[in-house]
$ cat entry-v3.txt   # compact mmCIF, C-alpha atoms
# COMPACT_ATOMS: atom_id res chain seq x y z
CA MET A 466 33.35 6.78 -1.96
CA SER A 467 34.69 7.20 1.56
CA PHE A 468 37.05 9.50 3.38
CA ARG A 469 40.37 8.10 4.49
CA PHE A 470 40.84 8.21 8.23
CA ARG A 471 43.84 10.24 9.40
CA ARG A 472 44.15 10.87 13.10
CA GLN A 473 46.16 14.10 12.93
CA LYS A 474 45.90 17.71 14.02
CA GLY A 475 43.66 19.87 11.89
CA TYR A 476 42.24 16.93 9.93
CA PHE A 477 38.58 17.71 10.70
CA LEU A 478 38.72 21.38 9.62
CA SER A 479 40.97 20.64 6.66
CA GLN A 480 38.35 18.24 5.31
CA LEU A 481 35.60 20.81 5.90
CA SER A 482 37.69 23.31 3.93
CA ASP A 483 38.11 20.96 0.96
CA PRO A 484 35.44 21.42 -1.77
CA GLU A 485 35.92 17.80 -2.87
CA THR A 486 34.49 16.68 0.47
CA TYR A 487 31.14 18.26 -0.40
CA VAL A 488 31.27 17.17 -4.03
CA LYS A 489 31.54 13.52 -2.93
CA GLU A 490 28.65 13.92 -0.51
CA ILE A 491 26.44 15.55 -3.16
CA VAL A 492 27.18 12.73 -5.60
CA ARG A 493 26.40 10.14 -2.92
CA ALA A 494 23.09 11.84 -2.03
CA TYR A 495 22.10 12.16 -5.69
CA GLU A 496 22.86 8.51 -6.47
CA ARG A 497 20.99 7.40 -3.36
CA GLU A 498 17.94 9.46 -4.31
CA ILE A 499 17.90 7.98 -7.82
CA GLN A 500 18.22 4.45 -6.40
CA LYS A 501 15.34 5.00 -3.97
CA GLY A 502 13.14 6.62 -6.59
CA ASN A 503 13.16 10.12 -5.06
CA ARG A 504 10.80 9.17 -2.23
CA SER A 505 10.82 12.32 -0.09
CA LEU A 506 8.71 12.71 3.00
CA ARG A 507 7.97 16.37 2.40
CA LYS A 508 9.07 18.83 -0.28
CA ARG A 509 10.14 21.81 1.78
CA GLU A 510 12.98 23.19 -0.31
CA GLU A 511 12.71 25.20 -3.51
CA LEU A 512 15.99 23.80 -4.87
CA PRO A 513 15.79 20.10 -5.84
CA LEU A 514 18.77 17.80 -5.47
CA SER A 515 19.10 17.52 -9.25
CA ALA A 516 19.84 21.28 -9.44
CA ILE A 517 22.34 20.97 -6.60
CA TYR A 518 24.03 18.13 -8.46
CA LEU A 519 24.41 20.25 -11.60
CA LYS A 520 25.90 23.13 -9.59
CA ARG A 521 27.87 20.92 -7.21
CA ARG A 522 31.27 22.45 -7.95
CA SER A 523 30.32 26.07 -7.27
CA LEU A 524 28.15 25.12 -4.27
CA SER A 525 30.95 23.00 -2.79
CA ARG A 526 33.40 25.89 -3.04
CA ALA A 527 30.93 28.14 -1.20
CA LEU A 528 30.35 25.56 1.53
CA ALA A 529 34.09 24.94 1.91
CA LYS A 530 34.50 28.64 2.74
CA SER A 531 31.51 29.19 5.04
CA VAL A 532 31.27 25.95 7.07
CA PRO A 533 34.80 25.92 8.62
CA ARG A 534 34.53 29.61 9.51
CA GLY A 535 31.27 29.12 11.36
CA GLU A 536 29.41 31.36 8.90
CA TYR A 537 27.05 28.66 7.60
CA ARG A 538 23.57 28.78 9.12
CA PHE A 539 21.17 25.85 9.08
CA ARG A 540 17.52 26.45 8.38
CA PRO A 541 15.13 25.15 11.08
CA PHE A 542 14.72 21.36 10.97
CA PHE A 543 11.13 20.24 10.45
CA ARG A 544 9.94 17.70 13.04
CA THR A 545 7.40 15.16 11.82
CA HIS A 546 6.34 11.53 12.25
CA ILE A 547 6.63 8.58 9.88
CA ARG A 548 5.13 5.12 10.06
CA THR A 549 7.65 2.27 9.98
CA ALA A 550 6.85 -1.42 9.78
CA THR A 551 6.17 -1.60 13.53
CA LYS A 552 5.50 1.87 14.95
CA TRP A 553 5.47 5.64 14.49
CA ARG A 554 8.83 7.40 14.71
CA VAL A 555 9.88 11.02 15.09
CA VAL A 556 12.18 12.30 12.32
CA HIS A 557 13.73 15.66 11.49
CA GLN A 558 13.74 16.81 7.88
CA THR A 559 16.14 19.33 6.42
CA VAL A 560 16.50 21.22 3.17
CA LYS A 561 18.84 19.57 0.70
CA VAL A 562 21.86 21.80 1.28
CA ASP A 563 21.61 21.30 5.04
CA HIS A 564 21.31 17.57 4.37
CA ILE A 565 24.60 17.65 2.46
CA VAL A 566 26.41 19.48 5.29
CA CYS A 567 24.96 17.05 7.87
CA GLY A 568 26.20 14.16 5.74
CA VAL A 569 29.73 15.55 5.65
CA VAL A 570 29.76 16.15 9.41
CA ALA A 571 28.40 12.65 10.06
CA ARG A 572 31.04 11.05 7.85
CA LEU A 573 33.93 12.91 9.49
CA LEU A 574 32.59 12.30 12.99
CA GLY A 575 32.13 8.62 12.17
CA GLU A 576 35.78 8.38 11.18
CA ALA A 577 36.84 10.09 14.38
CA ILE A 578 34.94 7.73 16.69
CA GLU A 579 35.49 4.49 14.74
CA PRO A 580 38.64 3.47 16.73
CA LEU A 581 36.64 3.85 19.95
CA LEU A 582 33.76 1.61 18.92
CA SER A 583 33.51 -1.95 20.19
CA ASP A 584 33.53 -5.03 17.97
CA SER A 585 30.22 -5.87 19.66
CA LEU A 586 28.47 -2.90 18.04
CA TYR A 587 26.60 -3.82 14.84
CA SER A 588 24.55 -0.73 14.00
CA TYR A 589 25.27 1.68 11.13
CA ARG A 590 28.86 0.56 10.53
CA THR A 591 30.62 -0.40 7.33
CA GLY A 592 31.52 -4.08 7.37
CA LYS A 593 29.50 -4.78 10.53
CA ASP A 594 26.14 -5.83 9.13
CA TRP A 595 23.32 -6.17 11.66
CA TRP A 596 22.62 -9.79 10.74
CA LYS A 597 26.15 -10.76 11.80
CA ALA A 598 25.10 -10.14 15.41
CA ILE A 599 22.62 -13.02 15.05
CA SER A 600 25.22 -15.18 13.32
CA HIS A 601 27.83 -14.58 16.04
CA PHE A 602 25.28 -15.30 18.76
CA THR A 603 24.36 -18.66 17.22
CA THR A 604 28.06 -19.51 16.96
CA TYR A 605 28.46 -18.70 20.65
CA ILE A 606 25.48 -20.95 21.49
CA ARG A 607 26.91 -23.89 19.54
CA GLU A 608 30.31 -23.48 21.21
CA HIS A 609 28.61 -23.48 24.62
CA ARG A 610 26.64 -26.65 23.76
CA SER A 611 29.78 -28.44 22.61
CA THR A 612 31.54 -27.57 25.88
CA PHE A 613 29.01 -29.41 28.06
CA THR A 614 28.17 -33.01 27.21
CA ASN A 615 25.61 -33.25 30.03
CA VAL A 616 22.37 -31.60 28.93
CA ARG A 617 21.57 -30.53 32.51
CA ASP A 618 24.80 -28.54 32.66
CA ARG A 619 23.91 -26.49 29.60
CA GLY A 620 22.30 -23.09 29.87
CA LEU A 621 23.01 -19.39 29.39
CA TYR A 622 21.93 -16.46 31.51
CA VAL A 623 20.67 -13.91 29.00
CA ILE A 624 19.97 -10.21 29.47
CA ARG A 625 17.73 -8.47 26.93
CA ASP A 626 17.61 -4.70 27.44
CA ASP A 627 16.35 -1.71 25.55
CA VAL A 628 17.04 1.97 26.24
CA ARG A 629 13.77 3.85 26.56
CA GLU A 630 13.32 6.25 23.60
CA TYR A 631 17.07 6.26 23.14
CA THR A 632 17.81 8.99 20.58
CA ASP A 633 14.88 11.08 21.81
CA SER A 634 16.13 11.00 25.42
CA ILE A 635 19.85 11.75 25.04
CA PRO A 636 20.48 15.00 26.98
CA VAL A 637 21.65 17.84 24.73
CA GLY A 638 21.44 20.77 27.13
CA THR A 639 24.42 23.00 27.86
CA ALA A 640 25.80 20.73 30.60
CA ALA A 641 24.94 17.43 28.92
CA PRO A 642 27.59 14.66 29.07
CA LEU A 643 27.51 14.34 25.27
CA TRP A 644 29.37 17.58 24.61
CA LYS A 645 32.22 16.70 26.97
CA MET A 646 32.54 13.26 25.39
CA LEU A 647 32.68 14.76 21.88
CA SER A 648 35.21 17.44 22.90
CA GLN A 649 37.55 14.85 24.41
CA THR A 650 37.28 12.68 21.31
CA LEU A 651 37.82 15.50 18.82
CA GLU A 652 40.59 17.24 20.76
CA SER A 653 43.28 15.43 18.80
CA PHE A 654 41.85 16.79 15.52
CA ALA A 655 42.06 20.49 16.50
CA THR A 656 45.23 22.54 16.18
CA SER A 657 44.03 25.10 18.75
CA PRO A 658 41.17 25.67 21.24
CA PRO A 659 39.34 27.95 18.75
CA ASP A 660 39.39 25.15 16.20
CA LEU A 661 37.92 22.74 18.75
CA ASP A 662 35.22 25.30 19.60
CA ALA A 663 34.36 25.68 15.92
CA ILE A 664 34.01 21.91 15.49
CA THR A 665 31.90 21.61 18.65
CA GLU A 666 29.58 24.43 17.58
CA LEU A 667 29.08 22.78 14.20
CA LEU A 668 28.11 19.54 15.96
CA ARG A 669 25.75 21.46 18.25
CA ALA A 670 24.05 22.99 15.22
CA THR A 671 23.44 19.55 13.70
CA LEU A 672 22.59 17.61 16.87
CA ARG A 673 20.59 20.33 18.65
CA PRO A 674 19.17 22.40 15.81
CA VAL A 675 16.37 24.93 15.80
CA VAL A 676 13.24 22.82 15.28
CA THR A 677 9.87 23.75 13.87
CA GLU A 678 6.66 21.77 13.35
CA ASP A 679 3.12 22.45 12.28
CA ARG A 680 1.46 25.21 14.33
CA HIS A 681 4.47 25.62 16.64
CA PHE A 682 7.06 28.34 17.10
CA PRO A 683 10.73 27.36 16.48
CA TYR A 684 12.47 25.90 19.52
CA CYS A 685 15.52 23.85 20.62
CA HIS A 686 15.42 20.51 22.39
CA THR A 687 16.83 19.87 25.85
CA PHE A 688 16.57 16.12 25.32
CA GLY A 689 16.86 14.23 22.07
CA ILE A 690 19.18 14.55 19.09
CA SER A 691 18.04 15.27 15.52
CA THR A 692 16.68 11.81 14.73
CA GLY A 693 16.47 11.11 11.01
CA THR A 694 19.67 12.97 10.08
CA GLN A 695 22.91 11.19 9.28
CA VAL A 696 24.61 12.51 12.43
CA SER A 697 22.06 10.92 14.75
CA ASN A 698 23.13 7.38 13.81
CA VAL A 699 26.78 8.19 14.52
CA VAL A 700 25.97 9.66 17.94
CA ALA A 701 23.66 6.73 18.76
CA ASN A 702 26.67 4.45 18.29
CA PHE A 703 29.01 6.74 20.22
CA TYR A 704 26.98 7.65 23.30
CA LEU A 705 27.01 4.12 24.79
CA VAL A 706 30.64 3.38 23.95
CA GLU A 707 31.55 3.17 27.66
CA LEU A 708 28.89 0.51 28.25
CA ASP A 709 30.07 -1.44 25.20
CA SER A 710 33.61 -1.44 26.57
CA LYS A 711 32.58 -2.65 30.04
CA LEU A 712 30.33 -5.47 28.87
CA GLY A 713 32.72 -6.55 26.14
CA GLN A 714 35.47 -7.13 28.73
CA LEU A 715 33.48 -9.58 30.87
CA GLU A 716 35.14 -12.98 30.57
CA GLY A 717 33.48 -15.82 28.70
CA ALA A 718 30.42 -13.77 27.76
CA PHE A 719 28.71 -12.74 24.55
CA TYR A 720 27.58 -9.15 24.02
CA ALA A 721 25.96 -7.40 21.06
CA ARG A 722 24.32 -4.02 20.60
CA TYR A 723 22.33 -2.60 17.74
CA GLY A 724 21.36 1.01 18.44
CA ASP A 725 19.43 0.81 21.70
CA ASP A 726 18.95 -3.00 21.72
CA LEU A 727 21.31 -4.91 24.01
CA LEU A 728 21.91 -8.66 24.20
CA PHE A 729 24.21 -10.24 26.78
CA ALA A 730 24.74 -13.95 27.50
CA SER A 731 26.95 -15.88 29.88
CA PRO A 732 26.96 -19.36 31.46
CA SER A 733 27.83 -17.74 34.81
CA ILE A 734 25.12 -16.14 36.93
CA ALA A 735 27.74 -13.97 38.67
CA VAL A 736 28.94 -12.55 35.35
CA ALA A 737 25.36 -11.91 34.22
CA GLN A 738 24.54 -10.11 37.47
CA GLU A 739 27.67 -7.99 37.09
CA ALA A 740 26.60 -7.12 33.55
CA ARG A 741 23.17 -6.01 34.79
CA ARG A 742 24.85 -3.85 37.44
CA GLN A 743 27.15 -2.26 34.83
CA ILE A 744 24.18 -1.54 32.58
CA ASP A 745 22.20 0.19 35.33
CA GLN A 746 25.19 2.17 36.55
CA THR A 747 26.35 3.39 33.12
CA VAL A 748 22.87 4.23 31.86
CA ALA A 749 22.16 6.28 35.00
CA LYS A 750 25.49 8.10 34.56
CA LEU A 751 24.49 9.04 31.01
CA LYS A 752 21.06 10.23 32.25
CA LEU A 753 19.15 7.61 30.32
CA THR A 754 16.51 5.11 31.44
CA MET A 755 15.84 1.53 30.45
CA ASN A 756 12.53 0.38 29.02
CA ALA A 757 11.03 -1.64 31.88
CA ALA A 758 8.61 -3.42 29.54
CA LYS A 759 11.49 -4.86 27.49
CA ARG A 760 13.90 -5.81 30.29
CA ASP A 761 14.49 -9.56 30.49
CA PHE A 762 16.76 -11.69 32.66
CA LEU A 763 16.36 -15.27 31.40
CA PHE A 764 17.89 -18.72 31.71
CA PHE A 765 18.24 -19.89 28.11
CA ASN A 766 18.31 -23.66 27.52
CA GLY A 767 16.84 -26.29 25.23
CA ALA A 768 14.04 -27.39 27.55
CA GLY A 769 13.10 -23.91 28.76
CA ARG A 770 13.52 -25.00 32.39
CA GLU A 771 14.18 -22.59 35.23
CA SER A 772 17.65 -22.16 36.67
CA GLU A 773 18.41 -24.62 39.49
CA SER A 774 20.93 -22.31 41.14
CA VAL A 775 18.71 -19.22 40.88
CA PRO A 776 15.06 -20.36 40.77
CA LYS A 777 13.79 -16.80 40.38
CA VAL A 778 15.33 -16.56 36.92
CA LYS A 779 12.70 -17.54 34.37
CA GLY A 780 13.60 -20.24 31.87
CA CYS A 781 13.14 -19.98 28.10
CA SER A 782 13.93 -22.06 25.02
CA GLN A 783 14.29 -19.18 22.52
CA ILE A 784 15.57 -15.60 22.51
CA THR A 785 14.18 -12.78 20.40
CA PHE A 786 16.67 -10.25 19.03
CA LEU A 787 16.50 -7.89 16.03
CA GLY A 788 13.23 -9.38 14.81
CA CYS A 789 14.54 -12.95 14.89
CA SER A 790 13.86 -15.84 17.23
CA VAL A 791 16.95 -17.89 18.16
CA ARG A 792 16.52 -21.40 19.57
CA PHE A 793 19.05 -23.15 21.81
CA ASP A 794 20.24 -25.39 18.96
CA GLY A 795 21.21 -22.26 17.01
CA THR A 796 18.27 -22.33 14.61
CA VAL A 797 17.04 -18.87 13.61
CA SER A 798 13.51 -18.02 12.50
CA LEU A 799 11.35 -14.92 12.14
CA LYS A 800 9.52 -14.14 15.35
CA ARG A 801 5.77 -14.78 15.24
CA SER A 802 4.61 -11.17 14.96
CA GLU A 803 7.10 -10.49 12.16
CA ALA A 804 6.09 -13.66 10.33
CA ARG A 805 2.42 -12.67 10.48
CA ARG A 806 3.22 -9.16 9.25
CA PHE A 807 5.30 -10.58 6.39
CA LEU A 808 2.49 -12.85 5.17
CA ARG A 809 -0.06 -10.03 5.45
CA SER A 810 2.20 -7.82 3.34
CA ILE A 811 2.60 -10.52 0.68
CA ARG A 812 -1.17 -11.12 0.60
CA TYR A 813 -1.79 -7.38 0.17
CA ARG A 814 0.75 -7.07 -2.66
CA VAL A 815 -0.48 -10.14 -4.54
CA ARG A 816 -4.15 -9.20 -4.38
CA ASN A 817 -3.55 -5.57 -5.36
CA SER A 818 -1.26 -6.57 -8.23
CA ASN A 819 -3.90 -8.99 -9.51
CA ARG A 820 -6.51 -6.21 -9.48
CA VAL A 821 -4.23 -3.76 -11.30
CA LEU A 822 -3.40 -6.35 -13.98
CA HIS A 823 -6.99 -7.54 -14.50
CA ASN A 824 -6.92 -6.58 -18.23
CA LEU A 825 -4.06 -9.02 -18.96
CA ARG A 826 -4.45 -12.69 -19.72
CA VAL A 827 -4.16 -14.88 -16.64
CA GLU A 828 -0.80 -16.30 -17.76
CA GLN A 829 0.62 -12.79 -18.11
CA ARG A 830 -0.75 -11.84 -14.71
CA ALA A 831 0.91 -14.90 -13.17
CA THR A 832 4.27 -14.00 -14.72
CA GLU A 833 4.10 -10.37 -13.57
CA ILE A 834 3.03 -11.27 -10.02
CA CYS A 835 5.83 -13.81 -9.68
CA HIS A 836 8.33 -11.26 -10.99
CA MET A 837 7.05 -8.71 -8.48
CA LEU A 838 7.55 -11.20 -5.63
CA GLY A 839 11.13 -11.77 -6.79
CA ARG A 840 11.76 -8.06 -6.27
CA VAL A 841 10.00 -8.11 -2.91
CA PHE A 842 12.39 -10.85 -1.72
CA ASN A 843 15.49 -8.91 -2.89
CA PRO A 844 16.81 -6.81 0.07
CA MET A 845 18.47 -4.34 -2.33
CA ASP A 846 15.29 -3.54 -4.28
CA VAL A 847 13.29 -0.37 -3.58
CA ILE A 848 10.07 -2.39 -3.10
CA ALA A 849 11.69 -5.04 -0.89
CA ASP A 850 9.84 -6.22 2.19
CA PRO A 851 11.46 -5.16 5.50
CA SER A 852 11.97 -8.85 6.35
CA ALA A 853 13.71 -9.72 3.07
CA GLY A 854 17.17 -9.25 4.54
CA MET A 855 16.39 -11.48 7.52
CA LEU A 856 14.91 -14.21 5.36
CA ARG A 857 17.90 -14.37 3.01
CA ARG A 858 20.71 -13.75 5.52
CA CYS A 859 19.62 -14.79 9.02
CA VAL A 860 16.80 -17.30 9.00
CA THR A 861 18.07 -20.89 9.06
CA ASP A 862 14.78 -22.58 9.94
CA ARG A 863 14.06 -24.34 6.65
CA LEU A 864 10.70 -25.58 7.93
CA GLN A 865 9.52 -22.00 8.38
CA LEU A 866 10.83 -21.03 4.94
CA LYS A 867 9.06 -24.01 3.35
CA ALA A 868 5.83 -23.00 5.09
CA PHE A 869 6.25 -19.46 3.74
CA ASP A 870 6.81 -20.82 0.23
CA ARG A 871 3.64 -22.90 0.42
CA ASP A 872 1.52 -20.07 1.85
CA ILE A 873 2.76 -17.59 -0.76
CA ALA A 874 2.16 -20.02 -3.62
CA LEU A 875 -1.36 -20.66 -2.32
CA GLU A 876 -2.05 -16.92 -2.16
CA VAL A 877 -0.87 -16.46 -5.77
CA ALA A 878 -2.94 -19.43 -6.98
CA SER A 879 -6.02 -18.14 -5.13
CA ALA A 880 -5.68 -14.64 -6.59
CA LEU A 881 -5.27 -15.93 -10.14
CA SER A 882 -7.96 -18.62 -10.04
CA GLY A 883 -10.53 -16.85 -7.90
CA ARG A 884 -10.76 -19.92 -5.67
CA SER A 885 -10.02 -20.08 -1.96
CA GLY A 886 -8.18 -22.79 -0.08
CA GLN A 887 -6.30 -25.78 -1.48
CA SER A 888 -8.65 -26.05 -4.46
CA ALA A 889 -6.74 -23.13 -6.03
CA PHE A 890 -3.85 -25.54 -6.66
CA ARG A 891 -6.10 -27.56 -8.99
CA VAL A 892 -6.07 -24.63 -11.43
CA PHE A 893 -2.52 -23.43 -10.75
CA PRO A 894 -0.53 -26.32 -9.28
CA TYR A 895 2.43 -25.57 -7.05
CA ARG A 896 4.88 -27.03 -9.56
CA MET A 897 3.44 -24.94 -12.40
CA LEU A 898 3.92 -21.70 -10.46
CA ARG A 899 7.54 -22.60 -9.80
CA ARG A 900 8.55 -23.92 -13.21
CA GLU A 901 6.43 -22.03 -15.74
CA PHE A 902 5.89 -18.68 -14.00
CA LYS A 903 9.19 -18.59 -12.03
CA LEU A 904 7.65 -18.03 -8.59
CA PRO A 905 10.71 -17.51 -6.34
CA SER A 906 11.36 -19.87 -3.44
CA LEU A 907 12.62 -18.52 -0.12
CA VAL A 908 14.31 -21.85 0.60
CA VAL A 909 16.27 -21.68 -2.67
CA LEU A 910 17.16 -18.02 -2.17
CA ARG A 911 18.39 -18.73 1.36
CA ASN A 912 20.48 -21.69 0.17
CA GLN A 913 22.04 -19.50 -2.52
CA TRP A 914 23.06 -16.78 -0.06
CA ARG A 915 26.77 -16.39 0.57
CA SER A 916 27.90 -14.14 3.43
$ encode --input "entry-v3.txt" --output "C-alpha cells"
Amino acid sequence: MSFRFRRQKGYFLSQLSDPETYVKEIVRAYEREIQKGNRSLRKREELPLSAIYLKRRSLSRALAKSVPRGEYRFRPFFRTHIRTATKWRVVHQTVKVDHIVCGVVARLLGEAIEPLLSDSLYSYRTGKDWWKAISHFTTYIREHRSTFTNVRDRGLYVIRDDVREYTDSIPVGTAAPLWKMLSQTLESFATSPPDLDAITELLRATLRPVVTEDRHFPYCHTFGISTGTQVSNVVANFYLVELDSKLGQLEGAFYARYGDDLLFASPSIAVAQEARRQIDQTVAKLKLTMNAAKRDFLFFNGAGRESESVPKVKGCSQITFLGCSVRFDGTVSLKRSEARRFLRSIRYRVRNSNRVLHNLRVEQRATEICHMLGRVFNPMDVIADPSAGMLRRCVTDRLQLKAFDRDIALEVASALSGRSGQSAFRVFPYRMLRREFKLPSLVVLRNQWRS
C-alpha cells in the first residue's frame, strides 16, 4: 500500500484529514509486527497494536479530525539504546498511536521530497536498494578499466567520508537550517500560511519531540532528530540533498550515498579535489562535522600503488563500502571484520541448536540444523543474519563463498559428531550434509539470485 504522489495545493493536509490514510498505516504496522514476531524493545503502552487494529476505523476518524487541526498531542518519546551488529545506537520509542501518526507523516513527507532526491541516494527508498550502490560502483570500475588499455594509466581517486553522528548531530533548534529547508519544500502543498505553519509544527513535534529517559526529567533536543522513528530516515535522506546535487553533477565521476556514508570516485585528481571541497563547504553550511577517523582520500588501482601525479595520495587495491570490500577488477566480498562476525554467528547458532535438540536422534538434529541455516541465509526471514542480504545480492567472490560453505559444513559436522577439525567429515562427510540433510550452499544461493 502506498500513497499516490500529487504535487498540488492542500495535498498534505487533505491526506491528514482522510481516515483511510491512518487505516492503511495501521494495517501496515500490524502486518509488519506479525511478520517480525512482535519483537518490541519496551512495552510502554497499555494499548497493544492488535487492539488498535480491531478499532482502526474509529481511531482513524478521531486522528483525521485532531491531527490536521493541531489538536493531537504526542506523548514523550522514550530515549534508549539498542545493540546492533556492530555498535550501540540511540533510538526513540513511542506509544503505538504516536507510532502510527509518525508513520503517516513520514510517508507524506517522503512523497514530498522524492522529486528532490538524487539518483545517487540509495538509503530508505523504494526501488533503490542499498546493494545497487555496490553494483553500480563495480559497473563504473569495469567501464573505467575498459577505457584504458595501459595498466599504468588506470586508477581512480576515491573519497570515503562519513558524517560524524549524523542523525544525532542535525541541528533542530529554533533557527536550525532544517526548518527553512522543510518550509520551502512544503510551501507548494499549503493553501495558506496557516496551513504551512500547521504542517511545520506537526513536523517539529515528530522530529524534535519531548524526550524522557530513565531517571531524567522530560526535555527537548537542540541537536539530533528522533532517531528510530519513521520520520528520521526521511529527514536523513533530505538534509544532505544539496550535497548530493553538487557531487552528482561533477563530470565523469561516480557518487553514492547511503545515510551518512559517502563514496566518490573519479579518474581526475582535480575533480576529486573539487568534490572534497564541496563536501567540506556544504557540511559546514549545514552545521555538521565529518568523522575524521573515517575520512579517506585514496588512489584506487589494481596494484595498490601510490599516485604518480600526487604522491601524497595513498594507494589501495580495494575499497570498503557498506560492509563490502570491492577490488579493482570489480569483485565484491565481505570485508574481513564482517566475515569473522558472520562465521562467529553461524558457529553460535549451530552449537546452541545442537544443544537444544540433544534429545533427538543425530539424523533429526542434522536435518533441523540445516533447515535453520537455510532460514539464516534468507534475507527476508526474521532470524536472518545481517550479512544474508550481502551474501546473496552483492558478494561476487566465489572463492570466499566456497570457503564459507566449507567452514559452515565443518562446524555442523563437528557439532553433530562431537569431533573437532577435519576428522568430523569422516562421520558426516561434506557430500552427505549437502545431499541427505539439505545443508544450503551460499555459492548455489548466490548463483540463483536474480536482481
$ residues_around --input "entry-v3.txt" --residues "region 848-865 of chain A" --least-positions-apart "2" --cutoff "7 Å" --atoms "all atoms listed in the file" --output "JSON, numbers by chain"
{"A": [596, 599, 796, 797, 798, 799, 807, 840, 841, 842, 843, 844, 845, 846, 867, 868, 869, 908, 910, 911, 914]}
$ residues_around --input "entry-v3.txt" --residues "Tyr495 (chain A)" --least-positions-apart "5" --cutoff "9 Å" --atoms "all atoms listed in the file" --output "count of residues only"
6
$ closest_residue --input "entry-v3.txt" --among "A:Gly839, A:Pro533, A:Pro580, A:Pro732" --to "Asp662 (chain A)" --atoms "only C-alpha atoms"
A:Pro533
$ atom_distance --input "entry-v3.txt" --atom1 "CA of Arg493 (chain A)" --atom2 "CA of Leu787 (chain A)"
28.0 Å
$ residues_around --input "entry-v3.txt" --residues "Ser585 (chain A)" --least-positions-apart "5" --cutoff "7 Å" --atoms "only C-alpha atoms" --output "list in words"
Gly713, Tyr720, Ala721 and Arg722 of chain A
$ residues_around --input "entry-v3.txt" --residues "Lys593 (chain A)" --least-positions-apart "4" --cutoff "12 Å" --atoms "all atoms listed in the file" --output "PyMOL selection string"
chain A and resi 579+582-589+597-601+721-723+916
$ atom_distance --input "entry-v3.txt" --atom1 "CA of Ile624 (chain A)" --atom2 "CA of Val700 (chain A)"
23.7 Å
$ atom_distance --input "entry-v3.txt" --atom1 "CA of Ser525 (chain A)" --atom2 "CA of Glu485 (chain A)"
7.2 Å
$ closest_residue --input "entry-v3.txt" --among "A:Tyr895, A:Arg742, A:Ser634, A:Pro541" --to "Tyr684 (chain A)" --atoms "only C-alpha atoms"
A:Pro541
$ residues_around --input "entry-v3.txt" --residues "Met755 (chain A)" --least-positions-apart "6" --cutoff "7 Å" --atoms "all atoms listed in the file" --output "list of chain:residue names"
A:Asp627, A:Val628, A:Arg629
$ write_last_selection --input "entry-v3.txt" --atoms "C-alpha atoms" --output "CSV table (one decimal), in the coordinates of the input"
chain,number,residue,atom,x,y,z
A,627,ASP,CA,16.4,-1.7,25.6
A,628,VAL,CA,17.0,2.0,26.2
A,629,ARG,CA,13.8,3.8,26.6
$ closest_residue --input "entry-v3.txt" --among "A:Glu828, A:Asp761, A:Glu707, A:Glu833" --to "Asp726 (chain A)" --atoms "all atoms listed in the file"
A:Asp761
$ closest_residue --input "entry-v3.txt" --among "A:Thr677, A:Thr747, A:Ser882, A:Thr694" --to "Val706 (chain A)" --atoms "only C-alpha atoms"
A:Thr747
$ closest_residue --input "entry-v3.txt" --among "A:Val775, A:Val815, A:Ala804, A:Leu822" --to "Glu876 (chain A)" --atoms "all atoms listed in the file"
A:Val815
$ axis_aligned_box --input "entry-v3.txt" --around "region 724-734 of chain A" --padding-each-side "6 Å" --output "AutoDock Vina command-line options"
--center_x 23.4 --center_y -9.2 --center_z 27.7 --size_x 20.9 --size_y 32.4 --size_z 30.5
$ closest_residue --input "entry-v3.txt" --among "A:Gln714, A:Ser810, A:Ser531, A:Ser733" --to "Pro484 (chain A)" --atoms "all atoms listed in the file"
A:Ser531
